[in-house]
Amino acid sequence: MVLTDTMSDDHWRLTYNGYDPAKEGQREALFTLGNGYFASRGAAEESTANHIHYPGTYLAGGYNRLNSDIGGKVIEHEDLVNWPNWLLLKWKHEDGDWMELETSNIIEYSQSLDLRSGIIERQIHTADKKGRETRIISRRLVHMRYPHLGAIQWHFKPQNWSGNITVHSALDGTVRNSGVDKYRKLEGKHLRKHQTGQFKENGIYLKVETSQSETRMCQAAGTAILPGDSFSSIKKETIEAEEYIAQEFTFPVKENREVIIEKIIALSTSKDHAISDTVSEAQKAISRAMSFEELSKEQNEAWQEIWSRCDTEINCGTSHEQMLLRLHIFHLFQTLSPNSIDLDVGVPSRGWTGEAYWGHVLWDEVFIFPLMNLSLPELTRSLLMYRYRRLHEARHNALANGYKGAMYPWQSGSNGREETFGFHYNVLTGNWIRNDFQIQHHVNSAICYNVWQYFQVTGDYEFLSFYGAEIMLEIATFWASKATWSEHKRKYEINHIIGPDEYHTRYPGSDKPGINNNAYTNIMAIWVLKHARRAIEVLDERSRLQLTIRLRITKEELYRWDDISQNMFIPFSCGGKIITQFEGYDDLKELDWNYYKQQYGEILRLGGIMEKEGVDINRFKAAKQADVLMLFYLFSSTELVQLFETAGYKFDPKDIPLNIEYYEKRTSHGSTLSKVVNSWVMARCHRDKSWHNFNTALVSDFEDIQGGTTPEGIHLGAMAGTVDLIQRCYTGLEMREGALWFNPQLPDDLTEIEYPLYYRGHWIRFHLTQNQLKLTCYTGWSDESIDVYVKEHRYQLKKGEEKIFQYDKKMVKAEK
Ligand code: BGC
């Protein structure tokens, strides 16, 4: 790992020195501040959207639909709305132009994100054409304890001049959605009915409404120039335009004398709980708001509460990995925080940090929930409720497509209908390509898997009996109706679907979307059918009866589920050693990977490259991301062997490395999720390669390894996945059969891991080195002891107890 000179080695702080317009978009995404309710990109306060800057503000789950013309066809799309820009704060000399980084002489510039407190700071030292030097220290927060508040503070100091300045503090509703190049051809004007006004002495507000979903938002702002009493001569002016309101303050400043400028904003929407109307709520919040200093103190405390649940410490030689790991945890909990509990929001694949994937919810939560289950399971429950509330829509989706049960959409937004856009824009060619991703039905199995994992960690029977089991049963019913009997194979099949690898969307030469018998999809369907049955078994008799009657699940239907899982077709090749990605995969051509690597260097975006070359990638054994390998990611070898056995196949876990090697060679890793999976599956057989993959996944956004996707939003799945690799993979942590299982195996470079984890009413501090494991059951509400298996040896742990185990590759010895 190379420490770049832009990096501070403080492992709680991400710092960049110098201003780099080419990197600004990426930094804006990485410096996004959020609180699980709303988020704003880390754009410079003085900027507006252009080819360098994009100051987006997003409301968790704030969507709106628009129609766009795609080649003469009107298509509706649902977007994560970019709301008015409250960040806008700029200044000028009375006789000069507004200060902009692009036109100023930048003497010194740095920006840093304090992960401990969620505060960003910019230090700007500029000079204008007349040589007047000014220093500004800008600090900003989006409040974690008061989710409706955001705040900016400027320490403004003229270095070598005195004179009059004008400060402009605005709420800008002229914004539109234009944060993603590929979607620029789509309509992006979501806001209408702008209403502006003033209140109290220094208050302004802007109210808007989305054009279709009719969500109203009011932003109110109060700006103060401090110390107030020294400015008897502040000239104040309010500027009101159609979609914009601002206040301008003109006042004298003196050489070397610091002035403080504070802008506090409040944001209220018609989706909020416990409100009267958005305007009065936002104004009230401003009237009651504290000073920036007081707000930052409470911000710090609120983040400490979060960190106490999830901070994950590692020792691997440098502090760089530690900082990135914390950056990833930070992004997870500012996207989805305790403030999100009870909001009707799902897990957006790119956080609320940009507009890629239209802010939709895909299957990425399968990479995110494991981490959340161990630190804030209440939040997982709330996020699973996003799915439960859309179960009815999923039922309709199944029915409309000729199936039973519930078929969740591949891309989900406001109400759970299928939001997958029928076209995909290739920026390399400028072409719209047909997009059939809505048949990535494997998302359903991921949802089912997530419900069960949550139940395993929490033992939350209420959730299972009221909501979770119903989701699981309806998804099982869907798979049972999707599976068809092949007389020829004497097996069940699942056809016309797309697996996780998005490069294979149909057979070469065929116009019909979908491939058949994707091994991952089929195995997951077996898992779903088995576990939906288990979910009913663990329920009390009344719930079981009521649920099965309500869902019309008869004994015959259950027998059919068993029949399907016991007779599911799984394609194999190489004499049963290699799990074939899908039926017919073996007939595809090998890709000349060397050619593409030599020609293009970086081939993460192989799909786009081949489309540009006019070559159909469907013809080749080339995957975008882990597909078969997902099986080794989600299941232990024991579980996997059992799943194969259920379907009547013998799979030897000794062949796992063979499969890893086979698919690793044929994957471009065009999704950041892929490296997480590869790191995971290699953890036991190639520890060095696993560590290497982990490090690549760790810098996915920090280095924008896909060359341009990070500015459009960070990759939340990959971020959470890296933390999960530390927490569960290298420790061999599993939650199954009502117990915690540890089977640690650290990569050579990783010498220590420490983090708190939650399990069934206990908080356990987990400390691991290359040969010692320490478990401290330090707090919790449960008086029951828990079963802990360390390398298959059973122990028990109670509240207040600490146990130390010495271990090596084979054996384990308990010390206390
Ligand atoms: C991946 C999907 C993923 C999506 C959002 C795509 O590149 O292929 O598996 O759900 O990104 O993260």
# chains A, B, ... in the order shown; residues from 1 in each chain; ligands from 1

call {"tool": "residues_near_ligand", "arguments": {"ligand": "ligand 1", "cutoff": "10 Å", "atoms": "only C-alpha atoms and all ligand atoms", "output": "compact mmCIF listing (two decimals) with N, CA and C atoms, in the first residue's frame"}}
result
# COMPACT_ATOMS: atom_id res chain seq x y z
N PRO A 348 -29.84 2.08 -0.40
CA PRO A 348 -29.46 2.51 -1.75
C PRO A 348 -28.06 2.02 -2.09
N SER A 349 -27.88 1.52 -3.31
CA SER A 349 -26.59 0.90 -3.61
C SER A 349 -25.45 1.92 -3.59
N ARG A 350 -25.74 3.21 -3.81
CA ARG A 350 -24.64 4.18 -3.83
C ARG A 350 -24.75 5.18 -2.67
N GLY A 351 -25.39 4.75 -1.60
CA GLY A 351 -25.61 5.66 -0.49
C GLY A 351 -26.49 6.80 -0.98
N ALA A 356 -26.16 7.88 -9.21
CA ALA A 356 -26.01 6.64 -9.97
C ALA A 356 -27.08 5.63 -9.54
N TYR A 357 -27.50 4.83 -10.46
CA TYR A 357 -28.58 3.86 -10.22
C TYR A 357 -29.83 4.55 -9.69
N GLY A 359 -30.44 6.22 -7.33
CA GLY A 359 -30.67 6.11 -5.88
C GLY A 359 -31.49 4.89 -5.51
N HIS A 360 -31.56 3.93 -6.43
CA HIS A 360 -32.43 2.77 -6.19
C HIS A 360 -31.82 1.73 -5.24
N VAL A 361 -32.71 0.86 -4.82
CA VAL A 361 -32.35 -0.23 -3.92
C VAL A 361 -32.26 -1.50 -4.76
N LEU A 362 -31.08 -2.13 -4.77
CA LEU A 362 -30.92 -3.37 -5.55
C LEU A 362 -30.71 -4.52 -4.57
N TRP A 363 -29.79 -5.40 -4.86
CA TRP A 363 -29.56 -6.53 -3.95
C TRP A 363 -28.38 -6.28 -3.01
N ASP A 364 -27.78 -5.09 -3.09
CA ASP A 364 -26.54 -4.83 -2.37
C ASP A 364 -26.66 -4.99 -0.87
N GLU A 365 -27.91 -4.98 -0.37
CA GLU A 365 -28.08 -5.11 1.08
C GLU A 365 -27.55 -6.46 1.60
N VAL A 366 -27.42 -7.43 0.71
CA VAL A 366 -26.89 -8.72 1.15
C VAL A 366 -25.42 -8.58 1.59
N PHE A 367 -24.75 -7.53 1.10
CA PHE A 367 -23.36 -7.26 1.49
C PHE A 367 -23.30 -6.33 2.70
N TRP A 410 -35.88 -5.87 -9.44
CA TRP A 410 -34.41 -5.76 -9.40
C TRP A 410 -34.03 -4.37 -8.87
N GLN A 411 -34.71 -3.33 -9.36
CA GLN A 411 -34.46 -1.99 -8.83
C GLN A 411 -35.74 -1.47 -8.21
N PHE A 437 -32.28 -6.23 -17.20
CA PHE A 437 -31.86 -6.62 -15.85
C PHE A 437 -33.02 -6.91 -14.91
N GLN A 440 -33.16 -10.21 -13.16
CA GLN A 440 -32.20 -10.66 -12.13
C GLN A 440 -33.03 -11.03 -10.89
N VAL A 443 -32.41 -11.41 -6.78
CA VAL A 443 -32.60 -10.44 -5.70
C VAL A 443 -33.57 -10.98 -4.64
N GLY A 499 -28.22 -13.98 -13.95
CA GLY A 499 -27.58 -14.18 -12.64
C GLY A 499 -26.84 -12.92 -12.23
N PRO A 500 -26.08 -12.99 -11.13
CA PRO A 500 -25.35 -11.79 -10.69
C PRO A 500 -24.40 -11.24 -11.76
N ASP A 501 -23.83 -12.12 -12.58
CA ASP A 501 -22.93 -11.66 -13.64
C ASP A 501 -23.75 -11.02 -14.76
N GLU A 502 -23.69 -9.72 -14.83
CA GLU A 502 -24.57 -8.99 -15.76
C GLU A 502 -24.09 -9.00 -17.21
N TYR A 503 -22.94 -9.65 -17.48
CA TYR A 503 -22.50 -9.71 -18.88
C TYR A 503 -23.29 -10.77 -19.67
N ARG A 605 -14.27 -2.11 -17.16
CA ARG A 605 -15.50 -1.83 -17.92
C ARG A 605 -15.49 -2.60 -19.25
N LYS A 624 -18.65 -10.22 -15.51
CA LYS A 624 -18.47 -8.89 -14.92
C LYS A 624 -18.06 -9.02 -13.45
N GLN A 625 -18.69 -9.97 -12.76
CA GLN A 625 -18.48 -10.06 -11.31
C GLN A 625 -18.72 -11.50 -10.84
N ALA A 626 -18.37 -11.70 -9.60
CA ALA A 626 -18.52 -13.04 -9.02
C ALA A 626 -19.95 -13.53 -9.18
N ASP A 627 -20.10 -14.76 -9.62
CA ASP A 627 -21.44 -15.32 -9.82
C ASP A 627 -21.48 -16.66 -9.09
N HIS A 669 -14.18 -7.99 -13.01
CA HIS A 669 -14.43 -7.23 -11.78
C HIS A 669 -15.00 -5.84 -12.09
N GLY A 670 -15.96 -5.83 -13.01
CA GLY A 670 -16.62 -4.57 -13.39
C GLY A 670 -17.56 -4.06 -12.33
N SER A 671 -17.79 -4.83 -11.29
CA SER A 671 -18.55 -4.34 -10.14
C SER A 671 -17.61 -4.36 -8.95
N THR A 672 -17.69 -3.32 -8.13
CA THR A 672 -16.81 -3.26 -6.95
C THR A 672 -17.13 -4.39 -5.96
N LEU A 673 -18.33 -4.96 -6.10
CA LEU A 673 -18.72 -6.05 -5.19
C LEU A 673 -17.83 -7.28 -5.43
N SER A 674 -17.35 -7.39 -6.65
CA SER A 674 -16.65 -8.60 -7.06
C SER A 674 -15.38 -8.87 -6.25
N THR A 709 -16.70 6.31 -11.61
CA THR A 709 -18.00 5.97 -11.02
C THR A 709 -18.17 6.59 -9.63
N ILE A 714 -20.71 6.83 -3.96
CA ILE A 714 -19.83 5.79 -3.44
C ILE A 714 -20.53 4.42 -3.56
N HIS A 715 -19.76 3.36 -3.42
CA HIS A 715 -20.31 2.02 -3.58
C HIS A 715 -20.52 1.42 -2.18
N LEU A 716 -21.74 1.51 -1.71
CA LEU A 716 -22.00 1.16 -0.31
C LEU A 716 -21.78 -0.33 -0.02
N GLY A 717 -22.13 -1.17 -1.00
CA GLY A 717 -21.98 -2.62 -0.82
C GLY A 717 -20.52 -3.00 -0.63
N ALA A 718 -19.66 -2.43 -1.47
CA ALA A 718 -18.23 -2.75 -1.37
C ALA A 718 -17.66 -2.18 -0.08

call {"tool": "select_by_dssp", "arguments": {"residues": "stretch 481-605 of chain A", "states": "strand (DSSP E or B)", "output": "ChimeraX atom specification"}}
result
/A:484-486,491-493,497,506,514-515,568,572-573,578-579,589

call {"tool": "write_last_selection", "arguments": {"atoms": "all heavy atoms", "output": "short mmCIF file (atom, residue, chain, number, x, y, z; two decimals), in the first residue's frame"}}
result
data_model
loop_
_atom_site.label_atom_id
_atom_site.label_comp_id
_atom_site.auth_asym_id
_atom_site.auth_seq_id
_atom_site.Cartn_x
_atom_site.Cartn_y
_atom_site.Cartn_z
N THR A 484 -39.60 -25.05 -13.48
CA THR A 484 -40.41 -25.89 -14.38
C THR A 484 -39.78 -27.29 -14.44
O THR A 484 -38.56 -27.45 -14.30
CB THR A 484 -40.45 -25.32 -15.80
OG1 THR A 484 -39.11 -24.99 -16.19
CG2 THR A 484 -41.31 -24.05 -15.87
N TRP A 485 -40.61 -28.28 -14.66
CA TRP A 485 -40.12 -29.67 -14.74
C TRP A 485 -39.66 -29.96 -16.15
O TRP A 485 -40.36 -29.69 -17.13
CB TRP A 485 -41.24 -30.63 -14.33
CG TRP A 485 -40.88 -32.07 -14.50
CD1 TRP A 485 -41.36 -32.94 -15.44
CD2 TRP A 485 -39.96 -32.82 -13.71
NE1 TRP A 485 -40.80 -34.18 -15.29
CE2 TRP A 485 -39.93 -34.13 -14.23
CE3 TRP A 485 -39.14 -32.50 -12.61
CZ2 TRP A 485 -39.12 -35.14 -13.69
CZ3 TRP A 485 -38.33 -33.51 -12.08
CH2 TRP A 485 -38.34 -34.80 -12.61
N SER A 486 -38.44 -30.49 -16.28
CA SER A 486 -37.96 -30.88 -17.61
C SER A 486 -38.05 -32.40 -17.71
O SER A 486 -37.36 -33.13 -16.98
CB SER A 486 -36.50 -30.43 -17.81
OG SER A 486 -35.91 -31.20 -18.83
N LYS A 491 -35.49 -33.27 -14.17
CA LYS A 491 -35.07 -32.32 -13.12
C LYS A 491 -35.90 -31.05 -13.25
O LYS A 491 -36.45 -30.77 -14.32
CB LYS A 491 -33.59 -31.92 -13.33
CG LYS A 491 -32.57 -32.98 -12.99
CD LYS A 491 -32.27 -32.93 -11.52
CE LYS A 491 -31.18 -33.90 -11.11
NZ LYS A 491 -31.10 -34.03 -9.66
N TYR A 492 -35.91 -30.25 -12.18
CA TYR A 492 -36.52 -28.93 -12.27
C TYR A 492 -35.49 -27.94 -12.79
O TYR A 492 -34.29 -28.07 -12.52
CB TYR A 492 -37.02 -28.47 -10.90
CG TYR A 492 -38.28 -29.17 -10.47
CD1 TYR A 492 -38.24 -30.31 -9.68
CD2 TYR A 492 -39.53 -28.69 -10.87
CE1 TYR A 492 -39.39 -30.96 -9.29
CE2 TYR A 492 -40.70 -29.34 -10.48
CZ TYR A 492 -40.63 -30.46 -9.70
OH TYR A 492 -41.78 -31.10 -9.33
N GLU A 493 -36.00 -26.93 -13.48
CA GLU A 493 -35.11 -25.93 -14.05
C GLU A 493 -35.63 -24.53 -13.69
O GLU A 493 -36.82 -24.35 -13.47
CB GLU A 493 -35.10 -25.98 -15.57
CG GLU A 493 -34.81 -27.32 -16.17
CD GLU A 493 -34.68 -27.18 -17.68
OE1 GLU A 493 -35.70 -26.96 -18.36
OE2 GLU A 493 -33.54 -27.27 -18.14
N ILE A 497 -33.56 -16.22 -16.91
CA ILE A 497 -33.20 -15.26 -15.85
C ILE A 497 -31.78 -14.73 -16.13
O ILE A 497 -31.09 -15.22 -17.02
CB ILE A 497 -33.22 -15.91 -14.45
CG1 ILE A 497 -32.38 -17.20 -14.40
CG2 ILE A 497 -34.63 -16.22 -13.99
CD1 ILE A 497 -31.00 -17.00 -14.01
N ARG A 506 -28.32 -13.14 -22.36
CA ARG A 506 -29.06 -14.00 -23.29
C ARG A 506 -28.06 -14.91 -23.99
O ARG A 506 -26.84 -14.72 -23.87
CB ARG A 506 -29.84 -13.16 -24.31
CG ARG A 506 -28.99 -12.25 -25.12
CD ARG A 506 -29.79 -11.22 -25.91
NE ARG A 506 -28.92 -10.14 -26.30
CZ ARG A 506 -28.04 -10.20 -27.29
NH1 ARG A 506 -27.93 -11.28 -28.04
NH2 ARG A 506 -27.25 -9.18 -27.54
N GLY A 514 -32.35 -13.57 -21.23
CA GLY A 514 -32.25 -14.57 -20.16
C GLY A 514 -31.40 -15.76 -20.55
O GLY A 514 -31.27 -16.12 -21.72
N ILE A 515 -30.83 -16.36 -19.51
CA ILE A 515 -30.09 -17.61 -19.68
C ILE A 515 -30.78 -18.64 -18.75
O ILE A 515 -31.61 -18.27 -17.93
CB ILE A 515 -28.58 -17.45 -19.35
CG1 ILE A 515 -28.39 -16.58 -18.10
CG2 ILE A 515 -27.85 -16.78 -20.51
CD1 ILE A 515 -27.99 -17.27 -16.92
N MET A 568 -33.61 -30.25 -8.20
CA MET A 568 -33.23 -29.06 -8.98
C MET A 568 -32.00 -29.39 -9.83
O MET A 568 -31.06 -30.03 -9.38
CB MET A 568 -32.90 -27.92 -8.01
CG MET A 568 -32.53 -26.63 -8.67
SD MET A 568 -33.92 -25.88 -9.52
CE MET A 568 -34.66 -24.93 -8.20
N PHE A 572 -22.90 -28.82 -14.10
CA PHE A 572 -21.49 -29.03 -13.71
C PHE A 572 -20.65 -29.29 -14.95
O PHE A 572 -21.18 -29.76 -15.96
CB PHE A 572 -21.37 -30.28 -12.82
CG PHE A 572 -21.71 -30.02 -11.38
CD1 PHE A 572 -22.98 -30.31 -10.89
CD2 PHE A 572 -20.75 -29.51 -10.52
CE1 PHE A 572 -23.29 -30.09 -9.56
CE2 PHE A 572 -21.05 -29.29 -9.18
CZ PHE A 572 -22.33 -29.58 -8.70
N SER A 573 -19.36 -29.03 -14.85
CA SER A 573 -18.47 -29.46 -15.92
C SER A 573 -17.20 -30.03 -15.30
O SER A 573 -17.10 -30.10 -14.07
CB SER A 573 -18.18 -28.31 -16.88
OG SER A 573 -17.76 -27.20 -16.16
N ILE A 578 -16.26 -28.57 -11.58
CA ILE A 578 -16.54 -27.14 -11.73
C ILE A 578 -18.05 -26.92 -11.80
O ILE A 578 -18.74 -27.55 -12.60
CB ILE A 578 -15.89 -26.58 -13.03
CG1 ILE A 578 -14.37 -26.73 -13.00
CG2 ILE A 578 -16.30 -25.13 -13.28
CD1 ILE A 578 -13.65 -25.78 -12.05
N ILE A 579 -18.53 -26.03 -10.95
CA ILE A 579 -19.95 -25.66 -11.00
C ILE A 579 -20.07 -24.73 -12.20
O ILE A 579 -19.40 -23.69 -12.24
CB ILE A 579 -20.38 -24.94 -9.71
CG1 ILE A 579 -20.02 -25.77 -8.48
CG2 ILE A 579 -21.86 -24.59 -9.75
CD1 ILE A 579 -20.10 -24.99 -7.16
N LYS A 589 -17.08 -19.13 -26.04
CA LYS A 589 -15.66 -19.04 -26.40
C LYS A 589 -14.84 -18.47 -25.25
O LYS A 589 -15.36 -17.69 -24.44
CB LYS A 589 -15.51 -18.06 -27.56
CG LYS A 589 -15.99 -18.57 -28.87
CD LYS A 589 -15.55 -17.55 -29.90
CE LYS A 589 -16.09 -17.93 -31.26
NZ LYS A 589 -15.98 -16.83 -32.18
#

call {"tool": "residues_around", "arguments": {"residues": "A:Asp460", "least_positions_apart": "5", "cutoff": "12 Å", "atoms": "only C-alpha atoms", "output": "NGL selection string"}}
result
:A and (373 or 377-378 or 380-381 or 451-455 or 465-469 or 535 or 538-539 or 759-761)

call {"tool": "write_last_selection", "arguments": {"atoms": "N, CA and C atoms", "output": "compact mmCIF listing (two decimals), in the first residue's frame"}}
result
# COMPACT_ATOMS: atom_id res chain seq x y z
N ASN A 373 -26.21 -6.13 11.27
CA ASN A 373 -26.75 -7.08 12.25
C ASN A 373 -25.89 -7.14 13.49
N PRO A 377 -28.84 -4.02 14.96
CA PRO A 377 -29.85 -4.86 14.33
C PRO A 377 -31.23 -4.20 14.25
N GLU A 378 -31.49 -3.23 15.15
CA GLU A 378 -32.77 -2.50 15.08
C GLU A 378 -32.91 -1.83 13.71
N THR A 380 -31.44 -2.92 10.86
CA THR A 380 -31.71 -3.95 9.84
C THR A 380 -33.20 -4.24 9.82
N ARG A 381 -33.78 -4.35 10.99
CA ARG A 381 -35.21 -4.66 11.07
C ARG A 381 -36.01 -3.59 10.32
N VAL A 451 -33.54 -11.85 5.66
CA VAL A 451 -34.54 -12.01 6.74
C VAL A 451 -34.05 -13.10 7.70
N TRP A 452 -33.60 -14.19 7.15
CA TRP A 452 -33.19 -15.32 7.98
C TRP A 452 -31.93 -14.99 8.79
N GLN A 453 -30.98 -14.30 8.17
CA GLN A 453 -29.75 -13.92 8.88
C GLN A 453 -30.08 -13.00 10.05
N TYR A 454 -31.00 -12.06 9.80
CA TYR A 454 -31.39 -11.14 10.86
C TYR A 454 -31.99 -11.94 12.02
N PHE A 455 -32.81 -12.91 11.69
CA PHE A 455 -33.43 -13.74 12.73
C PHE A 455 -32.37 -14.55 13.48
N SER A 465 -42.57 -13.68 12.96
CA SER A 465 -43.96 -14.13 12.86
C SER A 465 -44.87 -13.09 12.22
N PHE A 466 -44.59 -11.79 12.46
CA PHE A 466 -45.44 -10.77 11.85
C PHE A 466 -45.08 -10.48 10.40
N TYR A 467 -43.79 -10.48 10.11
CA TYR A 467 -43.37 -10.00 8.78
C TYR A 467 -42.44 -10.95 8.02
N GLY A 468 -41.36 -11.35 8.71
CA GLY A 468 -40.27 -12.05 8.02
C GLY A 468 -40.70 -13.34 7.35
N ALA A 469 -41.45 -14.16 8.09
CA ALA A 469 -41.83 -15.46 7.54
C ALA A 469 -42.71 -15.28 6.30
N ALA A 535 -38.67 -21.60 8.51
CA ALA A 535 -39.28 -20.43 9.14
C ALA A 535 -40.66 -20.78 9.69
N VAL A 538 -40.34 -22.94 12.96
CA VAL A 538 -39.96 -22.31 14.24
C VAL A 538 -41.05 -21.40 14.79
N LEU A 539 -42.08 -21.13 14.00
CA LEU A 539 -43.16 -20.28 14.51
C LEU A 539 -44.04 -21.06 15.48
N TYR A 759 -24.86 -9.82 19.95
CA TYR A 759 -25.46 -11.12 19.66
C TYR A 759 -26.49 -11.46 20.73
N ARG A 760 -27.72 -11.56 20.30
CA ARG A 760 -28.82 -12.00 21.16
C ARG A 760 -28.79 -11.42 22.57
N GLY A 761 -28.81 -10.11 22.66
CA GLY A 761 -28.91 -9.46 23.97
C GLY A 761 -27.57 -9.26 24.66

call {"tool": "closest_residue", "arguments": {"among": "A:Leu14, A:Val208, A:Met385, A:Leu267", "to": "A:Ser340", "atoms": "only C-alpha atoms"}}
result
A:Met385

call {"tool": "atom_distance", "arguments": {"atom1": "atom CA of A:Phe330", "atom2": "atom CA of A:Gly346"}}
result
17.7 Å

call {"tool": "closest_residue", "arguments": {"among": "A:Lys271, A:Lys157, A:His328, A:His143", "to": "A:Leu295", "atoms": "only C-alpha atoms"}}
result
A:His143

call {"tool": "closest_residue", "arguments": {"among": "A:Thr166, A:Ser280, A:Thr505, A:Ser668", "to": "A:Lys235", "atoms": "only C-alpha atoms"}}
result
A:Thr166

call {"tool": "decode", "arguments": {"residues": "stretch 148-164 of chain A", "atoms": "N, CA and C atoms", "output": "PDB file, in the first residue's frame"}}
result
ATOM      1  N   HIS A 148     -32.776  17.181  11.257  1.00  0.00           N
ATOM      2  CA  HIS A 148     -33.286  18.183  10.312  1.00  0.00           C
ATOM      3  C   HIS A 148     -32.307  19.334  10.116  1.00  0.00           C
ATOM      4  N   LEU A 149     -31.197  19.298  10.851  1.00  0.00           N
ATOM      5  CA  LEU A 149     -30.287  20.444  10.825  1.00  0.00           C
ATOM      6  C   LEU A 149     -28.983  20.192  10.092  1.00  0.00           C
ATOM      7  N   GLY A 150     -28.527  21.250   9.405  1.00  0.00           N
ATOM      8  CA  GLY A 150     -27.185  21.276   8.816  1.00  0.00           C
ATOM      9  C   GLY A 150     -26.576  22.614   9.163  1.00  0.00           C
ATOM     10  N   ALA A 151     -25.255  22.703   9.153  1.00  0.00           N
ATOM     11  CA  ALA A 151     -24.651  23.979   9.541  1.00  0.00           C
ATOM     12  C   ALA A 151     -23.286  24.173   8.889  1.00  0.00           C
ATOM     13  N   ILE A 152     -23.003  25.445   8.629  1.00  0.00           N
ATOM     14  CA  ILE A 152     -21.692  25.826   8.067  1.00  0.00           C
ATOM     15  C   ILE A 152     -21.145  26.959   8.927  1.00  0.00           C
ATOM     16  N   GLN A 153     -19.850  26.887   9.168  1.00  0.00           N
ATOM     17  CA  GLN A 153     -19.224  27.997   9.883  1.00  0.00           C
ATOM     18  C   GLN A 153     -17.962  28.418   9.128  1.00  0.00           C
ATOM     19  N   TRP A 154     -17.820  29.727   8.913  1.00  0.00           N
ATOM     20  CA  TRP A 154     -16.605  30.244   8.270  1.00  0.00           C
ATOM     21  C   TRP A 154     -15.841  31.113   9.271  1.00  0.00           C
ATOM     22  N   HIS A 155     -14.568  30.833   9.411  1.00  0.00           N
ATOM     23  CA  HIS A 155     -13.680  31.778  10.098  1.00  0.00           C
ATOM     24  C   HIS A 155     -12.987  32.552   8.985  1.00  0.00           C
ATOM     25  N   PHE A 156     -13.315  33.800   8.868  1.00  0.00           N
ATOM     26  CA  PHE A 156     -12.886  34.606   7.723  1.00  0.00           C
ATOM     27  C   PHE A 156     -11.843  35.622   8.194  1.00  0.00           C
ATOM     28  N   LYS A 157     -10.674  35.619   7.542  1.00  0.00           N
ATOM     29  CA  LYS A 157      -9.628  36.530   8.019  1.00  0.00           C
ATOM     30  C   LYS A 157      -8.898  37.189   6.842  1.00  0.00           C
ATOM     31  N   PRO A 158      -9.050  38.535   6.734  1.00  0.00           N
ATOM     32  CA  PRO A 158      -8.250  39.240   5.724  1.00  0.00           C
ATOM     33  C   PRO A 158      -6.793  39.241   6.196  1.00  0.00           C
ATOM     34  N   GLN A 159      -5.888  38.790   5.367  1.00  0.00           N
ATOM     35  CA  GLN A 159      -4.490  38.665   5.816  1.00  0.00           C
ATOM     36  C   GLN A 159      -3.731  39.983   5.714  1.00  0.00           C
ATOM     37  N   ASN A 160      -3.953  40.691   4.622  1.00  0.00           N
ATOM     38  CA  ASN A 160      -3.127  41.889   4.380  1.00  0.00           C
ATOM     39  C   ASN A 160      -3.960  43.052   3.848  1.00  0.00           C
ATOM     40  N   TRP A 161      -5.228  43.071   4.203  1.00  0.00           N
ATOM     41  CA  TRP A 161      -6.071  44.157   3.669  1.00  0.00           C
ATOM     42  C   TRP A 161      -7.232  44.440   4.621  1.00  0.00           C
ATOM     43  N   SER A 162      -7.851  45.574   4.454  1.00  0.00           N
ATOM     44  CA  SER A 162      -9.079  45.935   5.155  1.00  0.00           C
ATOM     45  C   SER A 162     -10.032  46.483   4.107  1.00  0.00           C
ATOM     46  N   GLY A 163     -11.298  46.313   4.319  1.00  0.00           N
ATOM     47  CA  GLY A 163     -12.255  46.833   3.325  1.00  0.00           C
ATOM     48  C   GLY A 163     -13.626  46.233   3.528  1.00  0.00           C
ATOM     49  N   ASN A 164     -14.506  46.512   2.601  1.00  0.00           N
ATOM     50  CA  ASN A 164     -15.867  45.997   2.691  1.00  0.00           C
ATOM     51  C   ASN A 164     -15.994  44.673   1.934  1.00  0.00           C
TER      52      ASN A 164
END
